[in-house]
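Asks: Got a structure for you, questions after.
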Amino acid sequence: MPSSRFVQALFVSLLGTLLIASPALADSSDWLQVKRFRDVMDEAQKGRVQAMYEVGRKYERGRGTGRNLQKAAEWYQKAAEANHTPAMARLGILYVEGNGVEQDLDKAFRLLSRAAEENIPGAQYQLASMYELGIGVDQDLEQAISWYRKAFDGGYYRAKDKVRQLRAQLEDATTSPGRSRDTDRATTGTDTLTSLLQGRWQRNARPAGYLPSSISQCRRQNDVIRCISTAQERSTGNKTITYNTEAVLSNFDGERFQITYFNNVLEIDREDTSTASAFEEETTQAAPDDARQASGQQNFSHQLECRLVSPANPRRIQCTKDRIQTLQFFNN
């Protein structure tokens, strides 16, 4: 009869062989993602331009490989140099954010303009946001409206609401000619507003879309700060949701202030992924099959009661979200 030590060693050996020889015993979705990444990388290295773009997307999303924005930017650059306009759009957004590349609003504007002219809806929406807030370009609401309309025509359904909002804003300016762009920059603000605008705020080492940060564009208007984030992505089930965040920072009282924000679903793209996401808690119920119905402003907003922890050294913000959750933000 074989000894117990021999049986134990045999069992361990067989188990190791099964794990190595049978990828199906591991997470099949991860294994498939890795295989797809290797296949598309092979095509990209052979010079196929679409594959270069797809490699960039996989590095940006962390699909089949570790998330690496610098490598994503490098592959987008290669595809962009071959006149691949979706790659120009993604690279332009990375330049807006300063993710994977050093922030360069001039380069971002050039890349996004080129992609927008070629009818890439994501570039059109981002370009419209830059014109709306005057970030990297002179503020021009008419241009913003024009690009939002084109983004809507291309499938960014939330852009229709932006057209309506900006038209109303222009009509208000016409009926109140005493207000100028200079007054929008306000003379009645506080030190807290200035401190917030000068920051690149993060939570858990990630940029905050509803505070001034590398992924948001913010502008002071009288005694409030309005922020619009760049387009972000989250995966839920078999869908990739493209969304952005709009926020209003207001009710400044010394070092205390409020943030009201909501998410806009811009686009829903079904893909083969089983990765769940915390974005589900930020949105309404699971999106129906009709992407047009699911897109647009979500049905509820979030409220944060915030304060600068040390006004003399404004590098930390503490907020209570929806009167329940305590959040900490740090100025990077």
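Residue numbers start at 1 in each chain; chains themselves are named A, B, ... in the order of the structure tokens; ligands are numbered from 1 in the order shown.
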Please identify all polymer residues within 8 Å of segment 197-209 of chain A, counting only C-alpha atoms, omitting same-chain residues fewer than 3 positions from it, and present them as a ChimeraX atom specification.
Replies: /A:193-194,212-216,218,227-230,244-246,315,327-332
Asks: So that I can check the surroundings of segment 40-54 of chain A, please list as a list of chain:residue names every protein, DNA and RNA residue that reaches within 9 Å of it, counting only C-alpha atoms and ignoring chain neighbours fewer than 5 positions away.
Replies: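 Close residues of segment 40-54 of chain A: A:Lys35, A:Tyr59, A:Ala72, A:Trp75, A:Tyr76, A:Gln77, A:Lys78, A:Ala79, A:Ala80, A:Ala82, A:Asn83, A:His84, A:Pro86, A:Ala87.
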Asks: Atom CA of Ile241 of chain A and atom CA of Cys319 of chain A are how many Å apart?
Replies: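 Calculated distance between atom CA of Ile241 of chain A and atom CA of Cys319 of chain A is 26.5 Å.
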Asks: Please, which residues of segment 67-245 of chain A, numbered as in this document, come out alpha helix (DSSP H) from DSSP, as an MDAnalysis selection string?
Replies: chainID A and resid 69:81 85:97 105:117 121:133 141:153 159:175 181:184 191:197
Asks: Can you pull out every residue from segment 26-215 of chain A that DSSP, working from the backbone, puts in strand (DSSP E), and format the result as a ChimeraX atom specification?
Replies: /A:201-203,206-207
Asks: Nearest to Val224 of chain A among A:Ala159, A:Tyr210, A:Leu32, A:Asn251, with distances taken over only C-alpha atoms: which residue is it?
Replies: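 Ranked by minimum distance to Val224 of chain A, first place goes to A:Asn251.
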